[in-house]
$ cat model-v1.txt   # compact mmCIF, C-alpha atoms
# COMPACT_ATOMS: atom_id res chain seq x y z
CA MET A 1 0.00 0.00 0.00
CA THR A 2 1.31 3.50 -0.85
CA THR A 3 0.66 6.15 1.76
CA ALA A 4 1.42 9.84 2.05
CA PRO A 5 4.76 10.88 3.59
CA LEU A 6 4.74 11.38 7.36
CA ARG A 7 4.17 14.98 8.47
CA ASP A 8 5.70 14.25 11.87
CA PRO A 9 8.22 11.38 11.70
CA SER A 10 8.10 10.90 15.46
CA ALA A 11 4.28 10.75 15.73
CA LEU A 12 2.69 7.43 16.67
CA GLY A 13 -0.85 6.14 16.68
CA VAL A 14 -1.49 3.84 19.66
CA THR A 15 -4.31 1.47 20.55
CA SER A 16 -4.64 -1.37 23.10
CA PHE A 17 -7.18 -4.08 23.80
CA PRO A 18 -7.39 -7.42 25.62
CA ALA A 19 -6.45 -10.48 23.54
CA LEU A 20 -5.01 -13.98 23.98
CA GLY A 21 -5.37 -13.72 27.75
CA THR A 22 -3.14 -10.65 27.84
CA THR A 23 -2.95 -7.12 26.41
CA ALA A 24 -2.42 -6.36 22.73
CA THR A 25 -0.89 -2.98 21.95
CA LEU A 26 -0.47 -1.63 18.44
CA LEU A 27 1.71 1.31 17.42
CA VAL A 28 1.65 2.76 13.89
CA THR A 29 3.96 5.52 12.70
CA GLY A 30 2.27 8.79 11.75
CA ASP A 31 -0.90 10.34 13.08
CA ASP A 32 -3.49 8.98 10.67
CA PRO A 33 -6.47 7.60 12.64
CA ALA A 34 -7.77 5.77 9.57
CA LEU A 35 -4.53 3.83 9.14
CA LEU A 36 -4.46 3.02 12.86
CA ALA A 37 -8.04 1.72 12.65
CA LEU A 38 -7.16 -0.36 9.60
CA ALA A 39 -4.12 -1.84 11.33
CA ARG A 40 -6.20 -2.68 14.39
CA LEU A 41 -8.74 -4.56 12.26
CA VAL A 42 -5.92 -6.56 10.70
CA LEU A 43 -4.41 -7.30 14.13
CA GLU A 44 -7.77 -8.36 15.60
CA ASP A 45 -8.33 -10.69 12.66
CA GLU A 46 -4.89 -12.26 13.01
CA LEU A 47 -5.30 -12.79 16.76
CA ALA A 48 -8.75 -14.32 16.27
CA VAL A 49 -7.47 -16.94 13.81
CA VAL A 50 -4.41 -17.75 15.93
CA ASP A 51 -6.59 -18.14 19.03
CA ALA A 52 -9.03 -20.42 17.19
CA ALA A 53 -6.18 -22.62 16.00
CA CYS A 54 -3.72 -22.62 18.92
CA SER A 55 -5.58 -21.99 22.19
CA ARG A 56 -5.28 -24.70 24.83
CA PHE A 57 -8.22 -23.24 26.74
CA ARG A 58 -10.96 -22.87 24.10
CA PRO A 59 -12.98 -26.07 23.86
CA ASP A 60 -13.63 -25.35 20.17
CA SER A 61 -10.00 -24.73 19.22
CA GLU A 62 -8.19 -26.91 16.73
CA LEU A 63 -5.39 -27.61 19.22
CA VAL A 64 -7.85 -28.97 21.78
CA ALA A 65 -9.23 -31.33 19.13
CA VAL A 66 -5.69 -32.38 18.21
CA ASN A 67 -4.81 -33.07 21.85
CA ARG A 68 -7.97 -35.17 22.20
CA ALA A 69 -6.78 -37.21 19.21
CA ALA A 70 -3.35 -37.89 20.70
CA GLY A 71 -2.11 -41.29 19.60
CA ARG A 72 -3.80 -41.09 16.20
CA PRO A 73 -2.55 -39.26 13.09
CA VAL A 74 -4.50 -36.10 12.29
CA GLN A 75 -4.20 -33.55 9.51
CA VAL A 76 -4.03 -29.99 10.80
CA SER A 77 -4.76 -26.61 9.22
CA GLU A 78 -2.02 -24.56 7.57
CA LEU A 79 -1.90 -22.13 10.49
CA LEU A 80 -1.66 -24.85 13.14
CA ALA A 81 0.97 -26.54 10.98
CA GLU A 82 3.00 -23.32 11.03
CA ALA A 83 2.59 -23.05 14.81
CA ILE A 84 3.63 -26.69 15.36
CA THR A 85 6.62 -26.31 13.04
CA THR A 86 7.61 -23.18 14.96
CA ALA A 87 7.29 -24.94 18.34
CA LEU A 88 9.27 -27.99 17.20
CA ARG A 89 12.01 -25.74 15.79
CA ALA A 90 12.18 -23.94 19.16
CA ALA A 91 12.53 -27.29 20.90
CA ARG A 92 15.29 -28.40 18.54
CA LEU A 93 17.25 -25.13 18.79
CA THR A 94 17.07 -25.15 22.59
CA ASP A 95 17.84 -28.85 22.90
CA GLY A 96 14.45 -29.37 24.51
CA ALA A 97 14.60 -26.54 27.08
CA VAL A 98 11.48 -25.15 25.35
CA ASP A 99 9.19 -28.03 24.44
CA PRO A 100 5.56 -28.04 23.23
CA THR A 101 4.77 -31.35 24.96
CA VAL A 102 4.51 -29.74 28.42
CA GLY A 103 0.72 -29.35 28.22
CA GLY A 104 0.12 -32.19 30.66
CA GLN A 105 2.69 -30.85 33.10
CA LEU A 106 1.07 -27.39 33.07
CA CYS A 107 -2.33 -28.98 33.71
CA ALA A 108 -0.84 -30.92 36.64
CA LEU A 109 0.27 -27.59 38.13
CA GLY A 110 -3.32 -26.36 37.84
CA TYR A 111 -2.86 -24.32 34.66
CA ASP A 112 -5.60 -26.12 32.74
CA ARG A 113 -7.78 -23.10 32.06
CA THR A 114 -7.31 -19.39 31.40
CA PHE A 115 -5.21 -17.74 34.06
CA THR A 116 -8.07 -15.62 35.37
CA GLU A 117 -10.12 -18.80 35.98
CA LEU A 118 -7.29 -20.76 37.57
CA ALA A 119 -8.29 -23.34 40.21
CA PRO A 120 -5.01 -24.90 41.35
CA PRO A 121 -4.89 -28.14 43.34
CA ALA A 122 -4.39 -27.90 47.09
CA GLN A 123 -1.28 -30.02 46.82
CA LEU A 124 1.25 -30.37 44.03
CA PRO A 125 1.44 -33.80 42.40
CA ALA A 126 4.88 -35.40 41.96
CA PRO A 127 6.42 -33.90 38.81
CA VAL A 128 6.65 -36.08 35.72
CA PRO A 129 8.96 -35.21 32.79
CA ALA A 130 7.26 -34.15 29.57
CA PRO A 131 6.94 -36.81 26.84
CA GLY A 132 9.42 -34.79 24.79
CA TRP A 133 9.29 -33.17 21.37
CA ARG A 134 11.17 -36.05 19.75
CA ASP A 135 8.07 -38.21 20.25
CA VAL A 136 6.07 -35.84 18.04
CA THR A 137 5.84 -36.91 14.42
CA PHE A 138 4.90 -34.12 12.04
CA ASP A 139 5.15 -33.89 8.27
CA PRO A 140 4.91 -30.24 7.16
CA GLY A 141 4.23 -31.36 3.59
CA THR A 142 1.10 -33.36 4.34
CA ARG A 143 0.44 -31.51 7.64
CA VAL A 144 -0.15 -34.85 9.35
CA LEU A 145 0.63 -34.83 13.06
CA CYS A 146 0.92 -37.78 15.39
CA THR A 147 1.67 -37.53 19.10
CA SER A 148 1.93 -40.31 21.65
CA ALA A 149 -1.24 -41.22 23.51
CA GLY A 150 -1.58 -38.95 26.52
CA THR A 151 0.59 -36.18 25.08
CA SER A 152 -0.88 -32.70 25.35
CA LEU A 153 0.70 -29.95 23.25
CA ASP A 154 0.98 -26.42 24.63
CA LEU A 155 1.80 -23.78 22.02
CA GLY A 156 1.13 -20.85 24.33
CA ALA A 157 4.40 -18.94 24.23
CA SER A 158 5.56 -19.68 20.72
CA ALA A 159 2.11 -19.17 19.19
CA LYS A 160 1.79 -15.72 20.80
CA ALA A 161 5.19 -14.75 19.44
CA LEU A 162 4.28 -16.17 16.04
CA ALA A 163 1.09 -14.09 16.12
CA ALA A 164 3.16 -10.95 16.80
CA ASP A 165 5.43 -11.73 13.84
CA ARG A 166 2.56 -12.47 11.48
CA ALA A 167 0.40 -9.55 12.62
CA ALA A 168 3.19 -6.97 12.38
CA ALA A 169 3.95 -8.02 8.80
CA ARG A 170 0.28 -7.91 7.81
CA CYS A 171 -0.36 -4.54 9.49
CA SER A 172 2.69 -2.96 7.86
CA ARG A 173 1.68 -4.28 4.44
CA ALA A 174 -1.87 -3.02 4.88
CA THR A 175 -0.90 0.49 6.01
CA GLY A 176 2.46 1.07 4.36
CA ARG A 177 3.69 2.34 7.73
CA GLY A 178 6.10 1.21 10.39
CA VAL A 179 4.26 -0.98 12.88
CA LEU A 180 4.96 -2.33 16.37
CA VAL A 181 2.80 -5.15 17.72
CA ASN A 182 3.09 -5.90 21.45
CA LEU A 183 1.30 -9.01 22.73
CA GLY A 184 1.83 -9.05 26.47
CA GLY A 185 5.49 -8.11 26.17
CA ASP A 186 6.23 -10.09 23.01
CA ILE A 187 7.07 -7.32 20.56
CA ARG A 188 7.68 -7.29 16.81
CA MET A 189 8.56 -4.18 14.82
CA THR A 190 8.25 -4.04 11.02
CA GLY A 191 8.63 -1.29 8.45
CA PRO A 192 10.25 2.14 8.77
CA PRO A 193 10.63 3.05 12.47
CA PRO A 194 9.66 6.44 13.90
CA ALA A 195 12.35 9.11 14.22
CA GLY A 196 14.76 7.97 16.93
CA GLY A 197 13.57 4.36 16.76
CA TRP A 198 10.98 2.45 18.77
CA ARG A 199 11.29 3.27 22.49
CA VAL A 200 10.45 0.24 24.64
CA GLY A 201 10.46 0.02 28.43
CA ILE A 202 11.60 -3.15 30.19
CA SER A 203 9.69 -4.26 33.24
CA ASP A 204 9.05 -7.34 35.35
CA ASP A 205 5.38 -7.07 34.46
CA HIS A 206 4.13 -5.66 31.16
CA ARG A 207 0.97 -4.38 32.90
CA ARG A 208 2.93 -2.29 35.42
CA PRO A 209 5.26 0.02 33.52
CA GLY A 210 5.94 1.97 36.71
CA THR A 211 7.92 -0.90 38.23
CA PRO A 212 11.72 -0.55 38.08
CA GLN A 213 12.50 -0.38 34.42
CA VAL A 214 14.83 0.90 31.78
CA THR A 215 14.10 2.11 28.28
CA ILE A 216 15.82 1.06 25.07
CA THR A 217 15.42 2.00 21.43
CA LEU A 218 15.16 -0.53 18.62
CA ALA A 219 15.14 0.03 14.87
CA ASP A 220 13.48 -3.23 13.90
CA GLY A 221 13.36 -6.91 14.79
CA ALA A 222 11.82 -8.15 18.00
CA LEU A 223 11.97 -8.16 21.78
CA ALA A 224 10.44 -10.64 24.19
CA THR A 225 10.45 -10.85 27.97
CA SER A 226 9.84 -13.99 30.00
CA GLY A 227 9.54 -13.97 33.75
CA THR A 228 8.42 -15.84 36.80
CA ALA A 229 6.81 -12.88 38.58
CA VAL A 230 3.68 -12.96 36.43
CA ARG A 231 1.33 -15.92 35.91
CA ALA A 232 2.40 -17.23 39.28
CA TRP A 233 0.08 -18.86 41.82
CA ARG A 234 0.09 -21.04 44.90
CA CYS A 235 -0.66 -24.71 45.30
CA GLY A 236 -1.08 -25.01 49.05
CA ALA A 237 2.23 -23.90 50.51
CA ASP A 238 4.07 -24.05 47.17
CA ALA A 239 4.62 -21.05 44.90
CA VAL A 240 4.22 -22.06 41.25
CA HIS A 241 4.61 -20.27 37.91
CA HIS A 242 3.87 -21.02 34.26
CA ILE A 243 7.37 -21.93 33.00
CA VAL A 244 8.10 -25.64 33.20
CA ASP A 245 11.38 -27.44 32.67
CA PRO A 246 10.32 -30.22 30.26
CA ARG A 247 13.08 -32.49 31.56
CA THR A 248 11.68 -32.52 35.09
CA GLY A 249 8.06 -31.51 34.59
CA ASP A 250 8.52 -28.96 37.38
CA ASN A 251 9.33 -25.26 37.59
CA PRO A 252 13.07 -24.71 37.10
CA PRO A 253 15.04 -23.83 40.25
CA PRO A 254 14.85 -20.10 41.08
CA GLY A 255 17.47 -18.26 39.05
CA TRP A 256 16.29 -15.50 36.73
CA ARG A 257 13.24 -13.44 37.60
CA THR A 258 12.97 -11.66 34.23
CA VAL A 259 14.81 -12.21 30.95
CA SER A 260 14.48 -9.81 27.98
CA VAL A 261 15.93 -10.86 24.62
CA THR A 262 16.18 -9.06 21.28
CA ALA A 263 16.27 -11.10 18.07
CA ALA A 264 15.36 -10.87 14.41
CA THR A 265 11.91 -12.33 15.03
CA CYS A 266 9.58 -12.45 18.00
CA VAL A 267 9.54 -16.25 17.84
CA ASP A 268 13.31 -16.34 18.27
CA ALA A 269 13.29 -13.72 21.03
CA ASN A 270 10.53 -15.56 22.91
CA THR A 271 12.23 -18.92 22.46
CA ALA A 272 15.51 -17.60 23.85
CA ALA A 273 13.88 -15.76 26.77
CA THR A 274 11.93 -18.84 27.86
CA ALA A 275 14.95 -21.11 27.40
CA ALA A 276 17.03 -18.77 29.55
CA ILE A 277 14.62 -19.14 32.48
CA VAL A 278 14.87 -22.93 32.16
CA LEU A 279 18.65 -23.01 31.63
CA GLY A 280 19.32 -20.92 34.74
CA ALA A 281 23.01 -20.32 35.39
CA ALA A 282 23.97 -21.67 31.96
CA ALA A 283 21.80 -19.09 30.18
CA PRO A 284 24.27 -16.17 29.78
CA GLN A 285 26.86 -18.32 28.03
CA TRP A 286 24.18 -19.90 25.81
CA LEU A 287 22.76 -16.49 24.85
CA GLN A 288 26.23 -15.10 24.18
CA ALA A 289 27.00 -18.04 21.90
CA HIS A 290 23.87 -17.22 19.89
CA GLY A 291 24.73 -13.50 19.76
CA LEU A 292 21.36 -12.49 21.23
CA PRO A 293 21.48 -9.19 23.16
CA THR A 294 19.83 -9.98 26.50
CA ARG A 295 19.11 -8.42 29.89
CA LEU A 296 18.71 -10.89 32.74
CA VAL A 297 17.41 -9.99 36.20
CA ALA A 298 18.18 -12.51 38.94
CA VAL A 299 15.68 -13.25 41.70
CA ASP A 300 17.73 -10.99 44.01
CA GLY A 301 17.48 -8.11 41.50
CA THR A 302 21.03 -8.38 40.15
CA VAL A 303 21.16 -7.42 36.47
CA SER A 304 23.34 -9.18 33.87
CA ARG A 305 23.72 -8.15 30.24
CA VAL A 306 25.11 -10.19 27.37
CA ALA A 307 25.84 -9.88 23.64
CA GLY A 308 25.71 -6.11 23.42
CA TRP A 309 22.72 -5.25 25.59
CA PRO A 310 23.48 -1.67 26.71
CA ALA A 311 23.97 -0.44 30.26
CA ASP A 312 20.78 0.74 31.94
CA ALA A 313 20.06 4.44 31.53
CA PRO A 314 17.64 6.15 33.89
CA SER A 315 14.32 6.76 32.19
CA ALA A 316 11.06 8.48 32.86
CA GLU A 317 8.29 6.28 34.24
CA GLY A 318 5.23 5.13 32.36
CA ALA A 319 4.43 4.42 28.78
CA ALA A 320 3.31 7.19 26.47
CA VAL B 290 58.17 -40.01 -67.15
CA SER B 291 58.06 -42.92 -64.89
CA ARG B 292 57.67 -42.28 -61.17
CA SER B 293 58.78 -44.49 -58.36
CA PRO B 294 56.00 -45.71 -55.95
CA VAL B 295 58.18 -44.96 -52.91
CA PRO B 296 57.86 -41.13 -53.00
CA LEU B 297 54.06 -41.51 -53.41
CA MET B 298 53.85 -43.61 -50.25
CA VAL B 299 55.96 -41.06 -48.37
CA LYS B 300 53.65 -38.25 -49.50
CA ALA B 301 50.53 -40.20 -48.41
CA SER B 302 52.04 -40.95 -45.02
CA SER B 303 52.98 -37.31 -44.53
CA ARG B 304 49.45 -36.22 -45.47
CA ASP B 305 47.86 -38.68 -43.00
CA HIS B 306 50.18 -37.45 -40.28
CA GLY B 307 49.15 -33.85 -40.99
CA LEU B 308 45.48 -34.74 -40.94
CA ARG B 309 45.87 -36.40 -37.54
CA ARG B 310 47.56 -33.27 -36.17
CA VAL B 311 44.76 -31.08 -37.53
CA ARG B 312 42.10 -33.36 -36.00
CA GLY B 313 43.91 -33.30 -32.64
CA ALA B 314 44.19 -29.52 -32.66
CA THR B 315 40.50 -29.20 -33.63
CA GLY B 316 39.51 -31.43 -30.71
CA TRP B 317 41.54 -29.37 -28.24
CA ILE B 318 40.06 -26.12 -29.54
CA ALA B 319 36.52 -27.52 -29.25
CA ALA B 320 37.15 -28.70 -25.69
CA LEU B 321 38.63 -25.35 -24.65
CA ALA B 322 35.70 -23.49 -26.27
CA ALA B 323 33.19 -25.64 -24.37
CA LEU B 324 35.02 -25.06 -21.09
CA GLY B 325 35.12 -21.30 -21.72
CA GLY B 326 31.42 -21.27 -22.54
CA LEU B 327 30.55 -23.10 -19.34
CA THR B 328 32.68 -20.69 -17.30
CA LEU B 329 30.99 -17.65 -18.85
CA ALA B 330 27.53 -19.17 -18.38
CA GLY B 331 28.26 -19.80 -14.71
CA GLY B 332 29.46 -16.24 -14.24
CA TYR B 333 26.37 -14.75 -15.88
CA ALA B 334 24.08 -17.02 -13.86
CA VAL B 335 25.54 -15.63 -10.62
CA ALA B 336 25.58 -12.02 -11.78
CA LEU B 337 22.06 -11.80 -13.23
CA PRO B 338 19.39 -10.13 -11.03
CA GLY B 339 17.19 -12.64 -9.25
CA LYS B 340 20.00 -15.17 -9.15
CA PRO B 341 22.07 -13.96 -6.16
CA SER B 342 25.26 -15.76 -5.27
CA SER B 343 25.32 -17.83 -2.10
CA ARG B 344 27.42 -15.08 -0.46
CA ALA B 345 24.90 -12.39 -1.40
CA ALA B 346 22.06 -14.56 -0.10
CA SER B 347 23.74 -15.14 3.22
CA THR B 348 24.26 -11.43 3.77
CA THR B 349 20.77 -10.34 2.70
CA THR B 350 18.93 -9.07 5.75
CA GLY B 351 15.67 -7.44 6.66
CA SER B 352 17.47 -4.10 6.67
CA GLY B 353 16.97 -4.06 2.93
CA GLN B 354 20.13 -4.53 0.87
CA SER B 355 19.75 -6.25 -2.48
CA ALA B 356 22.44 -8.43 -4.00
CA PHE B 357 23.80 -5.32 -5.69
CA GLY B 358 23.79 -3.16 -2.58
CA GLN B 359 20.77 -1.09 -3.67
CA PRO B 360 18.49 -0.30 -0.71
CA VAL B 361 14.98 -1.66 -1.11
CA PRO B 362 11.97 -1.32 1.18
CA PRO B 363 11.97 -3.98 3.92
CA SER B 364 8.63 -5.40 2.80
CA THR B 365 10.03 -6.11 -0.67
CA THR B 366 13.56 -7.14 0.25
CA PRO B 367 14.38 -10.04 -2.03
CA ARG B 368 15.03 -13.07 0.06
CA HIS B 369 16.75 -16.13 -1.23
CA ALA B 370 13.90 -18.26 0.02
CA THR B 371 15.69 -21.57 0.20
CA SER B 372 18.96 -20.49 1.77
CA SER B 373 17.48 -17.94 4.20
CA HIS B 374 14.80 -20.40 5.26
CA LYS B 375 17.45 -23.03 5.92
CA HIS B 376 19.54 -20.47 7.81
CA ARG B 377 16.59 -19.48 9.99
CA ALA B 378 15.75 -23.11 10.57
CA HIS B 379 19.20 -23.93 11.93
CA ALA B 380 19.81 -21.10 14.41
CA LEU B 381 18.11 -18.41 16.44
CA GLN B 382 18.65 -15.15 14.54
CA PRO B 383 20.10 -12.09 16.30
CA PRO B 384 18.67 -8.65 15.50
CA ALA B 385 20.21 -6.53 12.75
CA GLN B 386 21.09 -3.93 15.41
CA ALA B 387 21.64 -4.27 19.14
CA PRO B 388 19.35 -2.14 21.32
CA ALA B 389 20.53 1.32 22.41
CA PRO B 390 19.78 3.02 25.72
CA ALA B 391 17.12 5.74 25.77
CA GLN B 392 16.20 8.43 28.26
CA ALA B 393 12.86 9.48 26.81
CA PRO B 394 9.67 7.81 28.08
CA PRO B 395 8.82 4.49 26.41
CA ALA B 396 6.06 4.18 23.87
CA THR B 397 5.28 0.66 25.05
CA VAL B 398 6.52 -1.86 27.61
CA SER B 399 7.90 -5.39 27.41
CA GLY B 400 7.48 -7.41 30.57
CA ALA B 401 6.45 -10.88 31.54
CA SER B 402 2.78 -11.71 30.94

$ encode --input "model-v1.txt" --output "structure tokens"
Amino acid sequence: MTTAPLRDPSALGVTSFPALGTTATLLVTGDDPALLALARLVLEDELAVVDAACSRFRPDSELVAVNRAAGRPVQVSELLAEAITTALRAARLTDGAVDPTVGGQLCALGYDRTFTELAPPAQLPAPVPAPGWRDVTFDPGTRVLCTSAGTSLDLGASAKALAADRAAARCSRATGRGVLVNLGGDIRMTGPPPAGGWRVGISDDHRRPGTPQVTITLADGALATSGTAVRAWRCGADAVHHIVDPRTGDNPPPGWRTVSVTAATCVDANTAATAAIVLGAAAPQWLQAHGLPTRLVAVDGTVSRVAGWPADAPSAEGAA
Amino acid sequence: VSRSPVPLMVKASSRDHGLRRVRGATGWIAALAALGGLTLAGGYAVALPGKPSSRAASTTTGSGQSAFGQPVPPSTTPRHATSSHKHRAHALQPPAQAPAPAQAPPATVSGAS
């Protein structure tokens, strides 16, 4: 789409709304309300189709039907095929630290419904390792999937990041503008950035920008933050969160509270951020080896930076 | 005038020898021409637009540089589908630019959700 040149290269249109169990925020360069409205329609459409295909909580979703059919081969839609391919690639590139077969383990921790409806068990069951991504058979050509009986796929994190990547590309194509899509902290930027770049705050909780944070600028690519301070609950006396080590079926030992990673795509940034929480002390070396600029905050608040993440600069509070 | 058969045989032998040399030289020239043609064809195949070399493909990024260094809009950056897809499939991809610190208020926030 061809659009008029920007009158103010630093101007941004902004809109937010609830989606995928979190907050979707859309930024479009320029100050054209019509283009912002168009981009929002595109984003809403993209999120609706991703939710219908990949949600673990909607009884009518394609993923729920696939999980019910575990043990039998099923042909999946093109979108679910893309999401499964993305999740299996994440598992392979992290050597199983991020694994889509943890659905059963998350359910055992009580995360078997949307977070706002959570009803955790009074006592934690003994953890059981996930079946493992290598047990998943998937042919991208025929889109035929076969998982072991009892395996439950969870595409939560990677599907949200995939949605950010897909939506940003679609919105930028539709408007001809630079676009930033933020799905609960999973951010993808596409197209010409505003003057000075995209300014993004880093926080433990994407809903509370006033918490201790720093601000960075990015020209393009993606940023994702994973953490254990949000989507956390209690099972009796035990504190539990939503990130599971597939090798144990349990939360990883306390190490990093929040990990923010920049990468070329939101899927890669999200994959690395989640893997870092699971890898614990080994994460900085792993991230450095992949050349992914990352900011890691330990549970005691100590900050580590790797692969070119800049030193924190004091910033004003709150998002514009 | 009578002629001896011996000089005729010598002449025929000399002619056959010359013909063999000509055939040999012709074969070498044909082989060299074919080799040169293949080399030129390979060079043109790499240099033609839409047929980037493997080096150009590996350095093509979302920042928008074509195989000839001409900037193109990010949405239309030519991607060598096969090689870039394979590259993405085998490693997590770093951003084109590392983040820079900022002092101005953020436009949005990334945090756990």

$ closest_atom_pairs --input "model-v1.txt" --of "chain B" --to "chain A" --cutoff "6 Å" --atoms "all atoms listed in the file" --output "CSV"
residue,atom,partner,partner_atom,distance
B:Leu381,CA,A:Asp268,CA,5.5
B:Gln382,CA,A:Ala264,CA,5.4
B:Pro383,CA,A:Ala263,CA,4.3
B:Pro384,CA,A:Ala264,CA,4.1
B:Pro388,CA,A:Leu218,CA,5.2
B:Ala389,CA,A:Thr217,CA,5.2
B:Pro390,CA,A:Ile216,CA,4.5
B:Ala391,CA,A:Ile216,CA,4.9
B:Gln392,CA,A:Ser315,CA,4.7
B:Pro394,CA,A:Ala316,CA,5.0
B:Pro395,CA,A:Arg199,CA,4.8
B:Ala396,CA,A:Ala320,CA,4.8
B:Thr397,CA,A:Val200,CA,5.2
B:Val398,CA,A:Gly201,CA,4.4
B:Ser399,CA,A:Gly185,CA,3.8
B:Gly400,CA,A:His206,CA,3.8
B:Ala401,CA,A:Ser226,CA,4.9
B:Ser402,CA,A:Gly184,CA,5.3

$ atom_distance --input "model-v1.txt" --atom1 "atom CA of Gln123 of chain A" --atom2 "atom CA of Asn251 of chain A"
14.8 Å

$ atom_distance --input "model-v1.txt" --atom1 "atom CA of Ala39 of chain A" --atom2 "atom CA of Leu155 of chain A"
25.1 Å

$ residues_around --input "model-v1.txt" --residues "Ala167 of chain A" --least-positions-apart "3" --cutoff "9 Å" --atoms "all atoms listed in the file" --output "NGL selection string"
:A and (42-47 or 162-164 or 170-172 or 181 or 188)

$ residues_near_point --input "model-v1.txt" --point "(17.2, -9.7, 35.6)" --cutoff "7 Å" --atoms "only C-alpha atoms" --output "PyMOL selection string"
chain A and resi 256-259+295-298+301-304

$ write_last_selection --input "model-v1.txt" --atoms "C-alpha atoms" --output "PDB file, in the coordinates of the input"
ATOM      1  CA  TRP A 256      16.290 -15.500  36.730  1.00  0.00           C
ATOM      2  CA  ARG A 257      13.240 -13.440  37.600  1.00  0.00           C
ATOM      3  CA  THR A 258      12.970 -11.660  34.230  1.00  0.00           C
ATOM      4  CA  VAL A 259      14.810 -12.210  30.950  1.00  0.00           C
ATOM      5  CA  ARG A 295      19.110  -8.420  29.890  1.00  0.00           C
ATOM      6  CA  LEU A 296      18.710 -10.890  32.740  1.00  0.00           C
ATOM      7  CA  VAL A 297      17.410  -9.990  36.200  1.00  0.00           C
ATOM      8  CA  ALA A 298      18.180 -12.510  38.940  1.00  0.00           C
ATOM      9  CA  GLY A 301      17.480  -8.110  41.500  1.00  0.00           C
ATOM     10  CA  THR A 302      21.030  -8.380  40.150  1.00  0.00           C
ATOM     11  CA  VAL A 303      21.160  -7.420  36.470  1.00  0.00           C
ATOM     12  CA  SER A 304      23.340  -9.180  33.870  1.00  0.00           C
TER      13      SER A 304
END

$ atom_distance --input "model-v1.txt" --atom1 "atom CA of Lys160 of chain A" --atom2 "atom CA of Ala83 of chain A"
9.5 Å

$ residues_around --input "model-v1.txt" --residues "Cys54 of chain A" --least-positions-apart "3" --cutoff "7 Å" --atoms "only C-alpha atoms" --output "NGL selection string"
:A and (50-51 or 61-63 or 80 or 155 or 159)

$ residues_around --input "model-v1.txt" --residues "Leu35 of chain A" --least-positions-apart "6" --cutoff "9 Å" --atoms "only C-alpha atoms" --output "ChimeraX atom specification"
/A:13,28,174-177

$ decode --input "model-v1.txt" --residues "segment 57-92 of chain A" --atoms "C-alpha atoms" --output "PDB file, in the first residue's frame"
ATOM      1  CA  PHE A  57      -8.224 -23.243  26.735  1.00  0.00           C
ATOM      2  CA  ARG A  58     -10.963 -22.865  24.102  1.00  0.00           C
ATOM      3  CA  PRO A  59     -12.985 -26.070  23.856  1.00  0.00           C
ATOM      4  CA  ASP A  60     -13.628 -25.351  20.171  1.00  0.00           C
ATOM      5  CA  SER A  61     -10.000 -24.725  19.220  1.00  0.00           C
ATOM      6  CA  GLU A  62      -8.188 -26.909  16.727  1.00  0.00           C
ATOM      7  CA  LEU A  63      -5.393 -27.608  19.216  1.00  0.00           C
ATOM      8  CA  VAL A  64      -7.849 -28.970  21.784  1.00  0.00           C
ATOM      9  CA  ALA A  65      -9.229 -31.333  19.132  1.00  0.00           C
ATOM     10  CA  VAL A  66      -5.690 -32.382  18.215  1.00  0.00           C
ATOM     11  CA  ASN A  67      -4.811 -33.065  21.854  1.00  0.00           C
ATOM     12  CA  ARG A  68      -7.970 -35.168  22.203  1.00  0.00           C
ATOM     13  CA  ALA A  69      -6.781 -37.208  19.209  1.00  0.00           C
ATOM     14  CA  ALA A  70      -3.350 -37.890  20.702  1.00  0.00           C
ATOM     15  CA  GLY A  71      -2.111 -41.294  19.599  1.00  0.00           C
ATOM     16  CA  ARG A  72      -3.800 -41.088  16.198  1.00  0.00           C
ATOM     17  CA  PRO A  73      -2.555 -39.260  13.087  1.00  0.00           C
ATOM     18  CA  VAL A  74      -4.497 -36.097  12.287  1.00  0.00           C
ATOM     19  CA  GLN A  75      -4.197 -33.555   9.510  1.00  0.00           C
ATOM     20  CA  VAL A  76      -4.026 -29.987  10.803  1.00  0.00           C
ATOM     21  CA  SER A  77      -4.756 -26.607   9.218  1.00  0.00           C
ATOM     22  CA  GLU A  78      -2.016 -24.562   7.565  1.00  0.00           C
ATOM     23  CA  LEU A  79      -1.902 -22.131  10.491  1.00  0.00           C
ATOM     24  CA  LEU A  80      -1.657 -24.845  13.138  1.00  0.00           C
ATOM     25  CA  ALA A  81       0.973 -26.544  10.980  1.00  0.00           C
ATOM     26  CA  GLU A  82       3.000 -23.324  11.028  1.00  0.00           C
ATOM     27  CA  ALA A  83       2.592 -23.052  14.809  1.00  0.00           C
ATOM     28  CA  ILE A  84       3.629 -26.688  15.356  1.00  0.00           C
ATOM     29  CA  THR A  85       6.620 -26.308  13.044  1.00  0.00           C
ATOM     30  CA  THR A  86       7.610 -23.178  14.965  1.00  0.00           C
ATOM     31  CA  ALA A  87       7.291 -24.936  18.336  1.00  0.00           C
ATOM     32  CA  LEU A  88       9.275 -27.987  17.202  1.00  0.00           C
ATOM     33  CA  ARG A  89      12.010 -25.735  15.788  1.00  0.00           C
ATOM     34  CA  ALA A  90      12.184 -23.938  19.155  1.00  0.00           C
ATOM     35  CA  ALA A  91      12.528 -27.293  20.897  1.00  0.00           C
ATOM     36  CA  ARG A  92      15.293 -28.403  18.544  1.00  0.00           C
TER      37      ARG A  92
END
